[in-house]
$ cat entry29.txt   # compact mmCIF, C-alpha atoms
# COMPACT_ATOMS: atom_id res chain seq x y z
CA MET A 4 -30.06 2.19 -9.78
CA LYS A 5 -30.12 1.60 -6.06
CA VAL A 6 -26.74 1.50 -4.37
CA GLU A 7 -26.31 -0.05 -0.97
CA ILE A 8 -23.59 1.19 1.41
CA TYR A 9 -22.35 -1.26 4.01
CA ILE A 10 -20.25 -0.30 7.03
CA ILE A 11 -18.70 -2.67 9.56
CA LYS A 12 -18.52 -0.32 12.54
CA GLU A 13 -16.32 -2.57 14.64
CA ARG A 14 -13.52 -2.41 12.07
CA CYS A 15 -13.70 1.37 11.63
CA LYS A 16 -11.03 3.60 13.12
CA GLY A 17 -12.66 6.93 12.39
CA CYS A 18 -9.96 8.40 10.15
CA GLY A 19 -12.58 10.29 8.08
CA ILE A 20 -11.08 9.54 4.66
CA CYS A 21 -14.34 8.07 3.32
CA VAL A 22 -16.19 11.26 4.33
CA GLU A 23 -13.53 13.39 2.64
CA VAL A 24 -13.31 11.54 -0.69
CA CYS A 25 -17.08 11.27 -1.22
CA GLN A 26 -17.91 13.81 -3.93
CA THR A 27 -21.68 13.76 -3.37
CA LYS A 28 -21.54 14.08 0.44
CA VAL A 29 -23.26 10.80 1.23
CA LEU A 30 -21.39 10.13 4.46
CA GLU A 31 -20.92 12.03 7.68
CA LEU A 32 -18.87 11.33 10.81
CA SER A 33 -21.37 10.63 13.55
CA GLU A 34 -21.07 11.23 17.27
CA GLU A 35 -21.65 7.60 18.19
CA LEU A 36 -18.63 5.58 19.17
CA ASN A 37 -17.84 1.95 18.47
CA SER A 38 -16.46 -0.45 21.05
CA GLN A 39 -12.92 0.87 20.57
CA GLY A 40 -13.94 4.51 21.02
CA PHE A 41 -13.70 5.71 17.41
CA ARG A 42 -16.29 7.91 15.70
CA THR A 43 -17.84 5.95 12.86
CA PRO A 44 -19.38 7.31 9.62
CA ASN A 45 -23.12 7.46 9.05
CA VAL A 46 -25.02 7.39 5.76
CA ILE A 47 -27.04 10.63 5.55
CA ASN A 48 -28.30 10.76 1.96
CA PRO A 49 -28.00 7.36 0.28
CA GLU A 50 -29.87 8.48 -2.87
CA GLU A 51 -26.86 10.54 -3.97
CA CYS A 52 -24.41 7.62 -4.07
CA LEU A 53 -22.88 7.04 -7.50
CA ASN A 54 -21.22 3.65 -6.75
CA CYS A 55 -17.79 5.09 -7.60
CA GLY A 56 -16.11 2.95 -4.94
CA MET A 57 -13.69 5.63 -3.71
CA CYS A 58 -14.57 5.08 -0.04
CA GLU A 59 -13.98 1.35 -0.48
CA MET A 60 -10.64 1.91 -2.21
CA PHE A 61 -9.23 4.34 0.36
CA CYS A 62 -10.46 2.60 3.50
CA SER A 63 -7.34 1.09 5.01
CA ASP A 64 -9.33 -1.08 7.43
CA PHE A 65 -11.70 -2.80 4.97
CA ALA A 66 -14.69 -1.40 6.87
CA ILE A 67 -16.87 0.16 4.12
CA TRP A 68 -18.02 -1.01 0.70
CA VAL A 69 -20.69 -0.26 -1.86
CA SER A 70 -22.59 -2.52 -4.21
CA ILE A 71 -25.55 -2.31 -6.52
CA GLU A 72 -28.58 -4.01 -5.08
CA THR A 73 -29.51 -7.08 -7.08
CA GLU A 74 -32.58 -9.24 -7.04
CA LYS A 75 -32.37 -13.00 -7.03
CA VAL A 76 -34.43 -14.72 -9.71
CA GLY A 77 -36.52 -17.72 -8.74
CA VAL A 78 -35.97 -18.25 -5.05
CA MET B 12 -36.01 -11.65 -2.77
CA LYS B 13 -33.18 -9.25 -2.21
CA SER B 14 -29.74 -10.67 -1.70
CA ILE B 15 -27.77 -8.96 1.01
CA GLU B 16 -24.01 -8.89 0.65
CA ARG B 17 -22.75 -9.15 4.17
CA TYR B 18 -19.04 -9.46 3.48
CA HIS B 19 -16.47 -7.05 2.15
CA PRO B 20 -15.44 -7.93 -1.44
CA ALA B 21 -11.89 -8.50 -0.20
CA ASP B 22 -12.90 -10.63 2.79
CA SER B 23 -12.20 -13.92 1.01
CA PHE B 24 -8.53 -12.86 0.91
CA LEU B 25 -8.35 -11.66 4.52
CA ASN B 26 -7.91 -13.26 7.89
CA THR B 27 -10.94 -11.56 9.35
CA ASP B 28 -9.93 -12.57 12.89
CA SER B 29 -7.00 -10.15 12.72
CA PHE B 30 -9.33 -7.16 12.23
CA PRO B 31 -9.45 -4.36 13.33
CA SER B 32 -5.93 -4.21 12.01
CA VAL B 33 -2.87 -3.04 13.91
CA TRP B 34 -2.23 -0.04 11.67
CA CYS B 35 -2.95 3.57 12.59
CA PRO B 36 -6.20 5.15 11.33
CA GLY B 37 -5.75 5.93 7.64
CA CYS B 38 -2.35 4.28 7.20
CA GLY B 39 -1.18 3.79 3.62
CA ILE B 40 -0.29 0.14 4.20
CA GLY B 41 -3.99 -0.77 4.24
CA THR B 42 -4.49 0.86 0.86
CA ALA B 43 -1.47 -1.05 -0.49
CA VAL B 44 -3.01 -4.32 0.72
CA TYR B 45 -6.39 -3.43 -0.83
CA THR B 46 -4.81 -2.61 -4.20
CA PHE B 47 -2.77 -5.83 -4.08
CA ILE B 48 -5.94 -7.87 -3.46
CA GLU B 49 -7.78 -6.04 -6.25
CA SER B 50 -4.94 -6.67 -8.68
CA VAL B 51 -4.78 -10.36 -7.76
CA LYS B 52 -8.52 -10.55 -8.45
CA GLU B 53 -8.03 -8.82 -11.79
CA VAL B 54 -5.17 -11.07 -12.95
CA ASN B 55 -7.28 -14.11 -12.02
CA ILE B 56 -4.53 -16.56 -11.14
CA ASP B 57 -4.82 -19.65 -8.99
CA LEU B 58 -4.67 -18.64 -5.33
CA ASP B 59 -2.48 -21.63 -4.50
CA LYS B 60 0.14 -20.20 -6.84
CA ILE B 61 0.62 -16.91 -5.00
CA ALA B 62 3.10 -16.45 -2.18
CA VAL B 63 3.43 -13.28 -0.13
CA ILE B 64 6.59 -12.68 1.90
CA SER B 65 6.94 -9.82 4.35
CA GLY B 66 9.39 -8.92 7.07
CA ILE B 67 9.09 -7.19 10.38
CA GLY B 68 7.28 -4.16 11.74
CA CYS B 69 4.05 -2.63 10.49
CA THR B 70 4.60 -3.91 6.95
CA GLY B 71 5.32 -7.38 8.30
CA LYS B 72 1.76 -7.60 9.63
CA ILE B 73 0.54 -7.93 6.03
CA ALA B 74 1.48 -11.61 6.15
CA GLU B 75 -0.80 -12.11 9.14
CA CYS B 76 -3.83 -10.40 7.67
CA LEU B 77 -3.81 -12.09 4.24
CA LYS B 78 -5.40 -15.52 3.79
CA LEU B 79 -2.95 -16.61 1.08
CA ASN B 80 0.32 -18.55 1.32
CA THR B 81 2.13 -16.00 3.39
CA SER B 82 5.22 -15.92 5.52
CA SER B 83 6.65 -13.29 7.82
CA VAL B 84 10.38 -13.90 7.93
CA THR B 85 13.20 -12.40 9.95
CA ASP B 86 14.70 -9.00 9.35
CA GLY B 87 17.01 -8.79 6.37
CA SER B 88 16.27 -12.10 4.69
CA VAL B 89 12.99 -11.18 3.01
CA VAL B 90 14.15 -10.88 -0.60
CA ASP B 91 16.50 -13.84 -0.15
CA CYS B 92 13.63 -16.03 1.06
CA ALA B 93 11.50 -14.95 -1.90
CA VAL B 94 14.27 -15.68 -4.42
CA GLN B 95 14.78 -19.19 -3.07
CA LEU B 96 11.02 -19.83 -3.04
CA LYS B 97 10.86 -18.75 -6.67
CA GLU B 98 13.78 -21.01 -7.60
CA LYS B 99 12.05 -23.94 -5.91
CA ASP B 100 8.79 -23.53 -7.83
CA LYS B 101 8.89 -21.65 -11.10
CA ASP B 102 5.08 -21.42 -11.36
CA LEU B 103 4.71 -19.37 -8.19
CA THR B 104 3.93 -15.68 -8.26
CA VAL B 105 5.96 -14.26 -5.40
CA ALA B 106 5.11 -10.84 -3.98
CA VAL B 107 7.37 -9.18 -1.44
CA PHE B 108 6.32 -6.39 0.92
CA LEU B 109 9.39 -4.50 2.11
CA ASN B 110 9.84 -1.71 4.60
CA ASN B 111 12.86 0.40 5.42
CA ALA B 112 14.33 -1.89 8.06
CA ASP B 113 14.11 -4.98 5.86
CA PHE B 114 15.47 -3.21 2.83
CA LEU B 115 17.95 -0.49 3.64
CA LEU B 116 19.23 -1.50 7.05
CA SER B 117 19.92 -5.19 6.55
CA GLY B 118 18.55 -6.54 3.29
CA ALA B 119 20.00 -4.26 0.65
CA LYS B 120 22.51 -6.81 -0.60
CA ASP B 121 19.79 -9.39 -1.24
CA PHE B 122 17.76 -6.80 -3.12
CA ILE B 123 20.70 -5.90 -5.36
CA ASP B 124 21.52 -9.57 -5.95
CA ALA B 125 17.92 -10.37 -6.88
CA GLY B 126 17.89 -7.52 -9.36
CA LYS B 127 21.20 -8.59 -10.82
CA LYS B 128 20.00 -12.18 -11.26
CA GLY B 129 16.71 -10.96 -12.74
CA ALA B 130 14.58 -12.90 -10.26
CA ASP B 131 10.89 -12.94 -11.22
CA LEU B 132 9.55 -11.12 -8.16
CA ILE B 133 7.23 -8.21 -7.51
CA VAL B 134 8.56 -5.99 -4.74
CA ILE B 135 6.17 -3.52 -3.12
CA TYR B 136 8.32 -1.24 -1.02
CA VAL B 137 6.34 0.85 1.49
CA ASN B 138 8.51 3.88 2.15
CA ASN B 139 7.47 5.62 5.35
CA PHE B 140 10.74 7.55 5.90
CA ILE B 141 11.40 6.20 9.38
CA CYS B 142 12.71 3.11 11.06
CA ALA B 143 11.11 1.92 14.31
CA ILE B 144 9.64 5.37 15.00
CA SER B 145 13.14 6.69 15.58
CA GLU B 146 12.56 10.38 15.08
CA ASN B 147 15.84 11.66 16.35
CA LYS B 148 18.07 9.20 14.60
CA ILE B 149 19.46 9.62 11.12
CA PHE B 150 18.54 6.78 8.85
CA PRO B 151 19.40 6.06 5.17
CA ILE B 152 16.02 7.30 3.91
CA SER B 153 15.56 10.21 6.36
CA PRO B 154 14.35 13.37 4.60
CA PHE B 155 17.03 16.00 4.14
CA MET B 156 17.35 18.53 6.99
CA ARG B 157 15.31 16.51 9.43
CA MET B 158 15.88 17.66 13.00
CA SER B 159 18.11 15.34 14.93
CA ILE B 160 19.93 15.36 18.25
CA ASP B 161 23.41 15.64 16.83
CA ASN B 162 22.44 17.71 13.76
CA GLU B 163 24.03 15.43 11.22
CA PHE B 164 22.46 15.50 7.82
CA GLU B 165 22.57 12.78 5.21
CA LEU B 166 21.09 12.66 1.76
CA PRO B 167 18.38 10.00 1.35
CA TYR B 168 18.56 7.19 -1.20
CA ASN B 169 16.96 7.55 -4.61
CA ILE B 170 15.14 4.20 -4.61
CA PRO B 171 13.92 4.08 -8.26
CA TYR B 172 17.44 4.87 -9.46
CA LEU B 173 18.88 2.16 -7.22
CA ALA B 174 16.32 -0.36 -8.52
CA LYS B 175 16.98 0.58 -12.14
CA SER B 176 20.74 0.38 -11.79
CA CYS B 177 20.63 -3.06 -10.19
CA GLY B 178 18.61 -4.43 -13.08
CA ALA B 179 14.89 -4.06 -12.45
CA ASN B 180 12.57 -4.41 -15.44
CA TYR B 181 9.71 -2.40 -14.02
CA VAL B 182 10.00 0.61 -11.73
CA ALA B 183 7.12 2.77 -10.51
CA ARG B 184 6.37 5.06 -7.61
CA TRP B 185 2.93 6.02 -6.26
CA THR B 186 1.33 7.42 -3.15
CA PRO B 187 -1.75 5.92 -1.43
CA ILE B 188 -4.13 8.45 -2.96
CA HIS B 189 -3.12 7.20 -6.41
CA ALA B 190 -4.53 3.78 -5.55
CA GLY B 191 -6.19 3.35 -8.95
CA TRP B 192 -2.89 3.84 -10.77
CA MET B 193 -1.11 1.70 -8.19
CA LYS B 194 -3.51 -1.16 -8.89
CA TYR B 195 -2.63 -1.22 -12.58
CA SER B 196 1.08 -0.95 -11.72
CA ILE B 197 0.81 -4.03 -9.51
CA ILE B 198 -1.05 -5.89 -12.28
CA GLU B 199 1.72 -5.03 -14.73
CA GLY B 200 4.34 -6.06 -12.18
CA ILE B 201 2.66 -9.43 -11.62
CA LEU B 202 2.44 -10.13 -15.34
CA LYS B 203 5.99 -8.92 -16.03
CA LYS B 204 8.79 -11.44 -16.25
CA GLY B 205 11.70 -10.17 -14.21
CA PHE B 206 12.29 -7.94 -11.25
CA SER B 207 9.58 -5.31 -10.71
CA VAL B 208 9.81 -2.68 -7.99
CA ILE B 209 6.90 -0.45 -6.91
CA GLU B 210 7.63 2.19 -4.32
CA VAL B 211 4.70 3.42 -2.23
CA VAL B 212 5.53 6.77 -0.63
CA SER B 213 3.45 6.72 2.54
CA PRO B 214 4.91 8.81 5.38
CA CYS B 215 4.28 7.45 8.86
CA LEU B 216 1.34 9.14 10.56
CA LEU B 217 2.90 8.87 14.00
CA TYR B 218 6.02 10.76 12.95
CA ASN B 219 4.07 13.45 11.16
CA ALA B 220 1.69 13.93 14.07
CA ASN B 221 4.63 14.58 16.37
CA ASN B 222 6.18 16.89 13.81
CA GLY B 223 3.12 19.12 13.89
CA SER B 224 2.83 19.52 10.14
CA ILE B 225 0.21 16.87 9.42
CA GLN B 226 -2.37 16.17 12.08
CA ASP B 227 -4.50 13.31 10.78
CA ALA B 228 -5.21 11.08 7.82
CA VAL B 229 -7.30 13.65 5.92
CA ASP B 230 -4.51 16.22 6.17
CA ARG B 231 -2.13 13.60 4.84
CA MET B 232 -4.39 12.98 1.82
CA ARG B 233 -4.45 16.71 1.08
CA PHE B 234 -0.66 16.85 1.44
CA TYR B 235 -0.21 14.06 -1.12
CA ASN B 236 -2.64 15.74 -3.47
CA ASP B 237 -0.83 19.09 -3.31
CA ASN B 238 2.74 17.80 -3.30
CA SER B 239 2.78 15.13 -5.97
CA GLU B 240 3.21 15.40 -9.68
CA ILE B 241 2.71 12.62 -12.24
CA LYS B 242 5.56 12.41 -14.76
CA VAL B 243 5.44 9.08 -16.57
CA GLY B 244 8.76 8.04 -18.11
CA GLU B 245 10.84 10.53 -16.15
CA SER B 246 14.54 9.73 -16.09
CA ALA B 247 15.48 7.95 -12.87
CA GLU B 248 18.27 10.38 -12.01
CA ASN B 249 15.75 13.15 -11.35
CA LEU B 250 13.67 11.23 -8.82
CA ASP B 251 15.36 12.31 -5.60
CA LEU B 252 13.03 13.11 -2.77
CA ARG B 253 15.30 15.89 -1.60
CA SER B 254 15.89 18.36 -4.37
CA GLN B 255 12.40 19.11 -5.60
CA ASN B 256 9.47 20.52 -3.76
CA LYS B 257 7.15 17.95 -5.30
CA VAL B 258 7.29 14.16 -5.17
CA ILE B 259 7.47 12.90 -8.74
CA ILE B 260 5.35 9.80 -9.21
CA GLY B 261 4.55 7.58 -12.16
CA LYS B 262 5.88 4.62 -14.09
CA PHE B 263 9.54 5.18 -14.85
CA MET B 264 10.73 2.01 -16.49
CA ASP B 265 9.08 -0.85 -18.36
CA SER B 266 11.39 -3.06 -20.37
CA GLU B 267 11.56 -6.65 -21.50
CA GLU B 268 15.33 -6.88 -21.81
CA LYS B 269 16.23 -9.30 -19.06
CA ALA B 270 13.81 -12.10 -18.15
CA GLY B 271 14.78 -14.30 -15.27
$ encode --input "entry29.txt" --output "structure tokens"
Amino acid sequence: MKVEIYIIKERCKGCGICVEVCQTKVLELSEELNSQGFRTPNVINPEECLNCGMCEMFCSDFAIWVSIETEKVGV
Amino acid sequence: MKSIERYHPADSFLNTDSFPSVWCPGCGIGTAVYTFIESVKEVNIDLDKIAVISGIGCTGKIAECLKLNTSSVTDGSVVDCAVQLKEKDKDLTVAVFLNNADFLLSGAKDFIDAGKKGADLIVIYVNNFICAISENKIFPISPFMRMSIDNEFELPYNIPYLAKSCGANYVARWTPIHAGWMKYSIIEGILKKGFSVIEVVSPCLLYNANNGSIQDAVDRMRFYNDNSEIKVGESAENLDLRSQNKVIIGKFMDSEEKAG
């Protein structure tokens, strides 16, 4: 199972909740700033992600989400 | 060929132009909005048949960020507006987001009347313990022994007891870290005929930062985790926020007696 983690950095406000709730330590607050001057999270080990969706549930700015990578049939 | 999902799963419900949102980093209102969207997805009702009413202040901005039939009405007439909307169209599912100013300062009579009539509403009351960031002013929901200029202390309201006594069919209280439970509470409130009240205890980050006790959003999450206790079916008299050390959360009432 391959889980993809998507982050919209322009919506992020750097509260760090997604880093805190992740049980397998997938995310880390990086030093790079977005256009509003907030520190945004980075994905450091994506293989550990369990697709639990906790980061998505607790993000109050709708900036991060996870989904299982699917393959389109046919096209 | 791999399909790339470029949009947040809740983006079809959101006015994406209004993002980044106006709320502080890690505010509990965002989690309340996310759980509301998730529960609407789960119930699978027609999106033209949902109306969301909110008032003023931080909670009032929910009406701007949702791409449903929303309205942000004036202070004090939020529940009244929702009751009249529901009387106009019986098929509508009407959700109301209340804050302290809309509810306790000027809209309490409408709330009590709606409960007495058994109006079929779902009220999500975001309790952040302050009104207009007025730290030094005593307010009906101010925590006991809060520092104030004139050192007058009042006891805060017991909101679940108030809701139960004015005739609510469904009463629950959660904090933002119990978002999974809160989602199922909102689903039950949407499906329930009658007045359902869900209190979300989410202290304002600005107030707590000035207070010095809680510095940021992660500290706040730890505070909720340490200071809350789930007691489902607890009697509503024991749910004061003043007399216990821990905030008692859970579902306190679920009855079918009065359907509006």
$ closest_residue --input "entry29.txt" --among "A:Ser33, A:Ile10, A:Ala66, A:Lys28" --to "Glu51 in chain A" --atoms "all atoms listed in the file"
A:Lys28
$ closest_atom_pairs --input "entry29.txt" --of "chain B" --to "chain A" --cutoff "12 Å" --atoms "all atoms listed in the file" --output "Markdown table"
| residue | atom | partner | partner_atom | distance |
| --- | --- | --- | --- | --- |
| B:Met12 | CA | A:Lys75 | CA | 5.8 |
| B:Lys13 | CA | A:Glu74 | CA | 4.9 |
| B:Ser14 | CA | A:Glu74 | CA | 6.2 |
| B:Ile15 | CA | A:Glu72 | CA | 7.9 |
| B:Glu16 | CA | A:Ser70 | CA | 8.1 |
| B:Arg17 | CA | A:Tyr9 | CA | 7.9 |
| B:Tyr18 | CA | A:Tyr9 | CA | 8.9 |
| B:His19 | CA | A:Trp68 | CA | 6.4 |
| B:Pro20 | CA | A:Trp68 | CA | 7.7 |
| B:Ala21 | CA | A:Phe65 | CA | 7.7 |
| B:Asp22 | CA | A:Phe65 | CA | 8.2 |
| B:Ser23 | CA | A:Phe65 | CA | 11.8 |
| B:Phe24 | CA | A:Phe65 | CA | 11.3 |
| B:Leu25 | CA | A:Phe65 | CA | 9.5 |
| B:Asn26 | CA | A:Phe65 | CA | 11.5 |
| B:Thr27 | CA | A:Phe65 | CA | 9.8 |
| B:Asp28 | CA | A:Arg14 | CA | 10.8 |
| B:Ser29 | CA | A:Arg14 | CA | 10.1 |
| B:Phe30 | CA | A:Arg14 | CA | 6.3 |
| B:Pro31 | CA | A:Arg14 | CA | 4.7 |
| B:Ser32 | CA | A:Asp64 | CA | 6.5 |
| B:Val33 | CA | A:Asp64 | CA | 9.4 |
| B:Trp34 | CA | A:Asp64 | CA | 8.3 |
| B:Cys35 | CA | A:Lys16 | CA | 8.1 |
| B:Pro36 | CA | A:Cys18 | CA | 5.1 |
| B:Gly37 | CA | A:Cys18 | CA | 5.5 |
| B:Cys38 | CA | A:Ser63 | CA | 6.3 |
| B:Gly39 | CA | A:Ser63 | CA | 6.9 |
| B:Ile40 | CA | A:Ser63 | CA | 7.2 |
| B:Gly41 | CA | A:Ser63 | CA | 3.9 |
| B:Thr42 | CA | A:Ser63 | CA | 5.0 |
| B:Ala43 | CA | A:Ser63 | CA | 8.3 |
| B:Val44 | CA | A:Ser63 | CA | 8.1 |
| B:Tyr45 | CA | A:Met60 | CA | 7.0 |
| B:Thr46 | CA | A:Met60 | CA | 7.6 |
| B:Phe47 | CA | A:Met60 | CA | 11.2 |
| B:Ile48 | CA | A:Met60 | CA | 10.9 |
| B:Glu49 | CA | A:Met60 | CA | 9.4 |
| B:Cys76 | CA | A:Asp64 | CA | 10.8 |
| B:Thr186 | CA | A:Phe61 | CA | 11.5 |
| B:Pro187 | CA | A:Phe61 | CA | 7.9 |
| B:Ile188 | CA | A:Phe61 | CA | 7.3 |
| B:His189 | CA | A:Phe61 | CA | 9.6 |
| B:Ala190 | CA | A:Met60 | CA | 7.2 |
| B:Gly191 | CA | A:Met60 | CA | 8.2 |
| B:Trp192 | CA | A:Met60 | CA | 11.7 |
| B:Met193 | CA | A:Met60 | CA | 11.3 |
| B:Lys194 | CA | A:Met60 | CA | 10.2 |
| B:Leu216 | CA | A:Cys18 | CA | 11.3 |
| B:Gln226 | CA | A:Cys18 | CA | 11.0 |
| B:Asp227 | CA | A:Cys18 | CA | 7.4 |
| B:Ala228 | CA | A:Cys18 | CA | 5.9 |
| B:Val229 | CA | A:Ile20 | CA | 5.7 |
| B:Asp230 | CA | A:Ile20 | CA | 9.5 |
| B:Arg231 | CA | A:Ile20 | CA | 9.8 |
| B:Met232 | CA | A:Ile20 | CA | 8.0 |
| B:Arg233 | CA | A:Glu23 | CA | 9.8 |
| B:Asn236 | CA | A:Val24 | CA | 11.8 |
$ closest_residue --input "entry29.txt" --among "B:Leu96, B:Val63, B:Cys177, B:Leu132" --to "Glu75 in chain B" --atoms "all atoms listed in the file"
B:Val63
$ closest_residue --input "entry29.txt" --among "B:Cys142, B:Val211, B:Ile241, B:Val182" --to "Glu199 in chain B" --atoms "all atoms listed in the file"
B:Val182
$ atom_distance --input "entry29.txt" --atom1 "CA of Val46 in chain A" --atom2 "CA of Lys52 in chain B"
28.2 Å
$ atom_distance --input "entry29.txt" --atom1 "CA of Asn110 in chain B" --atom2 "CA of Ser266 in chain B"
25.1 Å
$ atom_distance --input "entry29.txt" --atom1 "CA of Cys55 in chain A" --atom2 "CA of Val6 in chain A"
10.2 Å
$ residues_around --input "entry29.txt" --residues "range 165-173 of chain B" --least-positions-apart "4" --cutoff "9 Å" --atoms "only C-alpha atoms" --output "MDAnalysis selection string"
chainID B and resid 123 149:156 177:178 182:184 208:210 246:253 263
